[in-house]
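Just work-v4.json here, JSON, C-alpha atoms and all ligand atoms:
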```
[["chain", "number", "residue", "atom", "x", "y", "z"],
["K", 1, "MET", "CA", 127.44, 78.89, 109.96],
["K", 2, "VAL", "CA", 126.38, 75.28, 110.32],
["K", 3, "CYS", "CA", 122.80, 74.07, 109.94],
["K", 4, "VAL", "CA", 121.39, 73.00, 113.33],
["K", 5, "PHE", "CA", 119.26, 70.32, 111.64],
["K", 6, "CYS", "CA", 121.67, 68.44, 109.37],
["K", 7, "GLY", "CA", 125.10, 69.98, 109.98],
["K", 8, "GLY", "CA", 125.23, 71.31, 106.40],
["K", 9, "LYS", "CA", 126.59, 74.69, 105.39],
["K", 10, "ALA", "CA", 124.15, 77.55, 106.04],
["K", 11, "GLU", "CA", 124.45, 80.88, 104.26],
["K", 12, "GLU", "CA", 123.07, 84.33, 105.03],
["K", 13, "LYS", "CA", 120.31, 85.07, 102.55],
["K", 14, "GLU", "CA", 117.19, 87.15, 102.17],
["K", 15, "VAL", "CA", 114.12, 84.95, 102.14],
["K", 16, "THR", "CA", 110.36, 85.25, 102.07],
["K", 17, "PHE", "CA", 108.90, 84.25, 105.41],
["K", 18, "SER", "CA", 105.46, 82.69, 105.34],
["K", 19, "TYR", "CA", 103.14, 82.35, 108.30],
["K", 20, "GLU", "CA", 99.83, 80.57, 108.48],
["K", 21, "GLU", "CA", 97.22, 80.66, 111.21],
["K", 22, "GLY", "CA", 93.82, 79.28, 110.31],
["K", 23, "ASP", "CA", 92.65, 81.19, 107.24],
["K", 24, "LYS", "CA", 95.18, 83.94, 107.78],
["K", 25, "TYR", "CA", 98.26, 83.64, 105.63],
["K", 26, "ILE", "CA", 100.98, 86.25, 105.49],
["K", 27, "LEU", "CA", 104.26, 86.67, 103.66],
["K", 28, "VAL", "CA", 107.15, 88.89, 104.69],
["K", 29, "GLU", "CA", 109.70, 89.56, 101.96],
["K", 30, "HIS", "CA", 113.42, 90.30, 102.22],
["K", 31, "VAL", "CA", 113.87, 88.71, 105.64],
["K", 32, "PRO", "CA", 117.49, 88.02, 106.62],
["K", 33, "ALA", "CA", 117.86, 84.31, 107.40],
["K", 34, "ARG", "CA", 120.41, 81.54, 107.33],
["K", 35, "VAL", "CA", 119.53, 79.01, 104.69],
["K", 36, "CYS", "CA", 121.07, 75.53, 104.66],
["K", 37, "ALA", "CA", 122.55, 74.61, 101.27],
["K", 38, "ASN", "CA", 121.93, 70.94, 102.08],
["K", 39, "CYS", "CA", 118.39, 70.65, 103.49],
["K", 40, "GLY", "CA", 117.04, 74.14, 102.74],
["K", 41, "GLU", "CA", 116.05, 74.75, 106.35],
["K", 42, "LYS", "CA", 115.71, 78.46, 107.21],
["K", 43, "THR", "CA", 116.73, 79.75, 110.60],
["K", 44, "TYR", "CA", 116.19, 83.25, 111.92],
["K", 45, "SER", "CA", 118.08, 85.16, 114.57],
["K", 46, "PRO", "CA", 116.08, 85.84, 117.80],
["K", 47, "GLU", "CA", 115.81, 89.55, 116.85],
["K", 48, "VAL", "CA", 114.41, 88.71, 113.41],
["K", 49, "ALA", "CA", 112.01, 86.13, 114.88],
["K", 50, "ASP", "CA", 110.70, 88.82, 117.26],
["K", 51, "GLU", "CA", 110.08, 91.21, 114.37],
["K", 52, "LEU", "CA", 108.34, 88.48, 112.39],
["K", 53, "ARG", "CA", 105.94, 87.89, 115.27],
["K", 54, "LYS", "CA", 104.88, 91.56, 115.01],
["K", 55, "PHE", "CA", 103.98, 91.09, 111.34],
["K", 56, "ALA", "CA", 101.96, 88.02, 112.27],
["K", 57, "LYS", "CA", 99.88, 90.19, 114.62],
["K", 58, "ALA", "CA", 99.17, 92.46, 111.62],
["K", 59, "LYS", "CA", 100.24, 95.65, 113.34],
["K", 60, "CYS", "CA", 101.47, 97.18, 110.11],
["K", 61, "ARG", "CA", 100.04, 97.78, 106.68],
["K", 62, "PRO", "CA", 101.04, 95.30, 103.94],
["K", 63, "ILE", "CA", 102.90, 96.69, 100.91],
["K", 64, "ARG", "CA", 100.56, 94.72, 98.68],
["K", 65, "VAL", "CA", 97.90, 92.03, 98.94],
["K", 66, "LEU", "CA", 97.97, 88.94, 96.74],
["K", 67, "SER", "CA", 95.04, 86.78, 95.84],
["K", 68, "VAL", "CA", 96.07, 83.18, 96.34],
["K", 69, "PRO", "CA", 94.45, 80.35, 94.39],
["K", 70, "VAL", "CA", 93.57, 77.46, 96.68],
["K", 71, "PHE", "CA", 93.24, 73.93, 95.30],
["K", 72, "ASP", "CA", 92.04, 70.66, 96.73],
["K", 73, "TYR", "CA", 94.30, 67.77, 95.89],
["K", 74, "GLY", "CA", 91.21, 65.55, 95.59],
["K", 75, "ASP", "CA", 89.86, 67.75, 92.75],
["K", 76, "ARG", "CA", 92.81, 67.24, 90.37],
["K", 77, "VAL", "CA", 92.08, 66.14, 86.80],
["K", 101, "ZN", "ZN", 120.50, 71.54, 106.90]]
```

Let me see the file written as structure tokens.
Ligand SMILES: [Zn+2]
Amino acid sequence: MVCVFCGGKAEEKEVTFSYEEGDKYILVEHVPARVCANCGEKTYSPEVADELRKFAKAKCRPIRVLSVPVFDYGDRV
């Protein structure tokens, strides 16, 4: 497989998909994707992208819930 962004070599891997919409932030683990060894861009097959959209609509129960620390870059010491 060739990366559609840079033409680098893309490999099949399992990745963690992250999705953000306003204050809602979800992660989906063990998602099959093609990851470019050159630029790191992840691409998903149309079938996988469809499934990911279902998670984004929160139709299923998460396996666990993380608390995520949020920082403001302006507050750094
Ligand atoms: Zn690439």

For this session: Please check which protein, DNA or RNA residues sit within 9 Å of ligand ZN 101 (chain K), counting all atoms listed in the file, and write them as a PyMOL selection string.
Result: chain K and resi 2-10+35-42

For this session: Using all atoms listed in the file, determine which residues lie at most 12 Å from Arg64 of chain K, disregarding the query and same-chain residues fewer than 4 positions distant; provide the list as a list in words.
Result: Ile26, Leu27, Val28, Glu29 and Cys60 of chain K

Exercise. Quick one: distance from atom CA of Pro32 of chain K to atom CA of Lys13 of chain K in Å, one decimal?
Worked result: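 Computing the Euclidean distance for atom CA of Pro32 of chain K and atom CA of Lys13 of chain K yields 5.8 Å.
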
For this session: Could you check which of K:Glu14, K:Glu51, K:Asp72, K:Val77 is closest to Ala33 of chain K, using all atoms listed in the file?
Result: K:Glu14

Exercise. With only C-alpha atoms as the basis for distance, which of K:Arg34, K:Asp50, K:Phe55, K:Tyr44 is at the shortest distance from Glu20 of chain K?
Worked result: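 Checking each of K:Arg34, K:Asp50, K:Phe55, K:Tyr44 against Glu20 of chain K, counting only C-alpha atoms, the winner is K:Phe55.
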
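With atom CA of Phe17 of chain K on one side and atom CA of Lys57 of chain K on the other, the separation reads 14.2 Å.
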
Exercise. Which residue out of K:Gly74, K:Ala56, K:Val68, K:Arg61 has the minimum interatomic distance to Glu21 of chain K when all atoms listed in the file are used?
Worked result: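 Counting all atoms listed in the file, the residue closest to Glu21 of chain K is K:Ala56.
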
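Computed from the coordinates, the atom CA of Pro69 of chain K to atom CA of Arg53 of chain K distance equals 25.0 Å.
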
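Counting all atoms listed in the file and comparing K:Arg76, K:Val70, K:Ile63, K:Lys54, the residue that lies closest to Tyr19 of chain K is K:Lys54.
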
For this session: Can you work out which one of K:Val31, K:Tyr25, K:Met1, K:Val15 has the shortest atom-to-atom distance to Val65 of chain K, counting all atoms listed in the file?
Result: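 Smallest separation from Val65 of chain K among the options: K:Tyr25.
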